[in-house]
Amino acid sequence: MTLDLFFVQGHSARAILAQLAADLGVTAHLVAERVTTMEIFPVSVWTVRLDADAAALDAAHAWFGRRGVHRLAPAA
């Protein structure tokens with residue numbers, strides 16, 4: 001599964017993805033990274049590919065939500 005995640009502080013992304021691996025066994029591979037502006041604030045957008053079994057990937061959605069990690073909607 002590939003997701004675009006955004007972080008207000010770019011350095012927090014590595015720590016959050018490491019915690020995801022520790023908690024759920026989900027491996028995150030960085031595909032791309034960019035900085036953009038949301039409203040007036042710069043944010044880091046990381047495109048990551050998550051590797052794990054289906055149950056762990058399903059659990060990752062709730063895991064991100066509990067930690068306030070936001071996903072960008074896929075392009076239409």
# chains A, B, ... in the order shown; residues from 1 in each chain; ligands from 1
>>> residues_around(residues="stretch 60-68 of chain A", least_positions_apart="4", cutoff="9 Å", atoms="only C-alpha atoms", output="ChimeraX atom specification")
/A:16,20,24,26,55-56
>>> select_by_dssp(residues="chain A", states="strand (DSSP E)", output="compact mmCIF listing (two decimals) with N, CA, C and O atoms, in the first residue's frame")
# COMPACT_ATOMS: atom_id res chain seq x y z
N THR A 2 0.59 2.20 -0.85
CA THR A 2 1.36 3.44 -0.93
C THR A 2 0.49 4.59 -0.46
O THR A 2 -0.66 4.71 -0.87
N LEU A 3 1.04 5.41 0.43
CA LEU A 3 0.30 6.53 1.01
C LEU A 3 1.14 7.80 0.96
O LEU A 3 2.37 7.75 1.01
N ASP A 4 0.46 8.94 0.88
CA ASP A 4 1.10 10.23 1.08
C ASP A 4 0.73 10.69 2.49
O ASP A 4 -0.45 10.90 2.79
N LEU A 5 1.73 10.81 3.34
CA LEU A 5 1.52 11.24 4.71
C LEU A 5 2.13 12.61 4.88
O LEU A 5 3.17 12.91 4.29
N PHE A 6 1.50 13.47 5.69
CA PHE A 6 2.15 14.75 5.90
C PHE A 6 2.41 15.01 7.37
O PHE A 6 1.68 14.56 8.25
N PHE A 7 3.52 15.71 7.59
CA PHE A 7 4.03 15.97 8.93
C PHE A 7 4.39 17.44 9.02
O PHE A 7 5.01 18.00 8.11
N THR A 27 6.57 -2.40 7.70
CA THR A 27 7.79 -1.78 7.19
C THR A 27 7.41 -0.66 6.23
O THR A 27 6.57 -0.86 5.34
N ALA A 28 8.02 0.51 6.41
CA ALA A 28 7.75 1.66 5.55
C ALA A 28 8.99 1.94 4.70
O ALA A 28 10.10 2.03 5.22
N HIS A 29 8.77 2.07 3.40
CA HIS A 29 9.85 2.41 2.46
C HIS A 29 9.55 3.79 1.90
O HIS A 29 8.47 4.00 1.31
N LEU A 30 10.48 4.71 2.05
CA LEU A 30 10.30 6.07 1.53
C LEU A 30 10.42 6.04 0.02
O LEU A 30 11.42 5.60 -0.53
N VAL A 31 9.37 6.51 -0.66
CA VAL A 31 9.35 6.57 -2.12
C VAL A 31 9.72 7.96 -2.59
O VAL A 31 10.48 8.13 -3.54
N ALA A 32 9.19 8.99 -1.91
CA ALA A 32 9.46 10.37 -2.29
C ALA A 32 9.22 11.27 -1.07
O ALA A 32 8.48 10.91 -0.16
N GLU A 33 9.86 12.41 -1.10
CA GLU A 33 9.70 13.39 -0.02
C GLU A 33 9.69 14.78 -0.64
O GLU A 33 10.47 15.06 -1.54
N ARG A 34 8.78 15.61 -0.16
CA ARG A 34 8.74 16.99 -0.65
C ARG A 34 8.21 17.89 0.46
O ARG A 34 7.59 17.42 1.41
N VAL A 35 8.47 19.16 0.33
CA VAL A 35 7.94 20.16 1.26
C VAL A 35 6.95 21.00 0.48
O VAL A 35 7.22 21.42 -0.65
N THR A 36 5.79 21.22 1.07
CA THR A 36 4.76 22.03 0.45
C THR A 36 4.15 22.93 1.52
O THR A 36 4.55 22.87 2.68
N THR A 37 3.19 23.73 1.15
CA THR A 37 2.54 24.63 2.09
C THR A 37 1.07 24.25 2.20
O THR A 37 0.40 24.04 1.20
N MET A 38 0.60 24.14 3.42
CA MET A 38 -0.82 23.93 3.69
C MET A 38 -1.27 25.16 4.46
O MET A 38 -0.77 25.42 5.55
N PHE A 41 1.44 27.16 6.39
CA PHE A 41 2.46 26.41 7.12
C PHE A 41 3.18 25.43 6.21
O PHE A 41 2.55 24.68 5.47
N PRO A 42 4.51 25.40 6.29
CA PRO A 42 5.25 24.39 5.51
C PRO A 42 5.06 23.01 6.16
O PRO A 42 5.07 22.88 7.39
N VAL A 43 4.84 22.01 5.35
CA VAL A 43 4.71 20.63 5.82
C VAL A 43 5.57 19.72 4.95
O VAL A 43 5.79 19.99 3.78
N SER A 44 6.03 18.66 5.55
CA SER A 44 6.75 17.62 4.81
C SER A 44 5.75 16.57 4.38
O SER A 44 4.97 16.08 5.20
N VAL A 45 5.77 16.23 3.11
CA VAL A 45 4.90 15.17 2.59
C VAL A 45 5.81 14.00 2.21
O VAL A 45 6.73 14.16 1.41
N TRP A 46 5.53 12.88 2.81
CA TRP A 46 6.30 11.67 2.53
C TRP A 46 5.39 10.68 1.82
O TRP A 46 4.31 10.34 2.32
N THR A 47 5.82 10.22 0.66
CA THR A 47 5.15 9.12 -0.01
C THR A 47 5.86 7.86 0.45
O THR A 47 7.07 7.72 0.26
N VAL A 48 5.12 6.98 1.10
CA VAL A 48 5.71 5.76 1.64
C VAL A 48 4.95 4.55 1.12
O VAL A 48 3.75 4.60 0.88
N ARG A 49 5.68 3.47 0.95
CA ARG A 49 5.09 2.18 0.62
C ARG A 49 5.15 1.34 1.88
O ARG A 49 6.21 1.17 2.48
N LEU A 50 4.01 0.85 2.32
CA LEU A 50 3.94 0.04 3.53
C LEU A 50 3.86 -1.42 3.14
O LEU A 50 3.08 -1.80 2.27
N ASP A 51 4.69 -2.23 3.80
CA ASP A 51 4.71 -3.67 3.56
C ASP A 51 4.38 -4.41 4.84
O ASP A 51 5.04 -4.20 5.87
N HIS A 70 -1.81 12.53 9.30
CA HIS A 70 -2.79 12.73 8.26
C HIS A 70 -2.30 12.22 6.92
O HIS A 70 -1.11 12.31 6.61
N ARG A 71 -3.23 11.72 6.13
CA ARG A 71 -2.93 11.25 4.78
C ARG A 71 -3.54 12.23 3.80
O ARG A 71 -4.64 12.73 4.01
>>> select_by_dssp(residues="chain A", states="helix (DSSP H, G or I)", output="list in words")
Gly10, His11, Ser12, Ala13, Arg14, Ala15, Ile16, Leu17, Ala18, Gln19, Leu20, Ala21, Ala22, Asp23, Leu24, Ala54, Ala55, Ala56, Leu57, Asp58, Ala59, Ala60, His61, Ala62, Trp63, Phe64, Gly65 and Arg66 of chain A
>>> write_last_selection(atoms="C-alpha atoms", output="PDB file, in the first residue's frame")
ATOM      1  CA  GLY A  10       9.770  16.565   8.998  1.00  0.00           C
ATOM      2  CA  HIS A  11      12.069  15.048  11.593  1.00  0.00           C
ATOM      3  CA  SER A  12       9.064  13.503  13.352  1.00  0.00           C
ATOM      4  CA  ALA A  13       8.307  11.345  10.307  1.00  0.00           C
ATOM      5  CA  ARG A  14      11.230   8.983  10.850  1.00  0.00           C
ATOM      6  CA  ALA A  15      10.357   8.487  14.518  1.00  0.00           C
ATOM      7  CA  ILE A  16       6.684   7.858  13.757  1.00  0.00           C
ATOM      8  CA  LEU A  17       7.449   5.325  11.020  1.00  0.00           C
ATOM      9  CA  ALA A  18       9.945   3.564  13.315  1.00  0.00           C
ATOM     10  CA  GLN A  19       7.221   3.360  15.973  1.00  0.00           C
ATOM     11  CA  LEU A  20       4.811   1.931  13.384  1.00  0.00           C
ATOM     12  CA  ALA A  21       7.312  -0.833  12.673  1.00  0.00           C
ATOM     13  CA  ALA A  22       7.798  -1.514  16.388  1.00  0.00           C
ATOM     14  CA  ASP A  23       4.063  -1.546  17.196  1.00  0.00           C
ATOM     15  CA  LEU A  24       2.605  -3.353  14.192  1.00  0.00           C
ATOM     16  CA  ALA A  54      -3.396  -7.430   5.287  1.00  0.00           C
ATOM     17  CA  ALA A  55      -4.373  -7.344   8.965  1.00  0.00           C
ATOM     18  CA  ALA A  56      -1.397  -5.170   9.899  1.00  0.00           C
ATOM     19  CA  LEU A  57      -2.078  -2.787   6.999  1.00  0.00           C
ATOM     20  CA  ASP A  58      -5.710  -2.451   8.124  1.00  0.00           C
ATOM     21  CA  ALA A  59      -4.531  -1.763  11.673  1.00  0.00           C
ATOM     22  CA  ALA A  60      -2.113   0.887  10.360  1.00  0.00           C
ATOM     23  CA  HIS A  61      -5.023   3.120   9.275  1.00  0.00           C
ATOM     24  CA  ALA A  62      -6.367   3.340  12.831  1.00  0.00           C
ATOM     25  CA  TRP A  63      -2.816   3.589  14.202  1.00  0.00           C
ATOM     26  CA  PHE A  64      -2.140   6.698  12.092  1.00  0.00           C
ATOM     27  CA  GLY A  65      -5.451   8.229  13.152  1.00  0.00           C
ATOM     28  CA  ARG A  66      -4.741   7.752  16.864  1.00  0.00           C
TER      29      ARG A  66
END
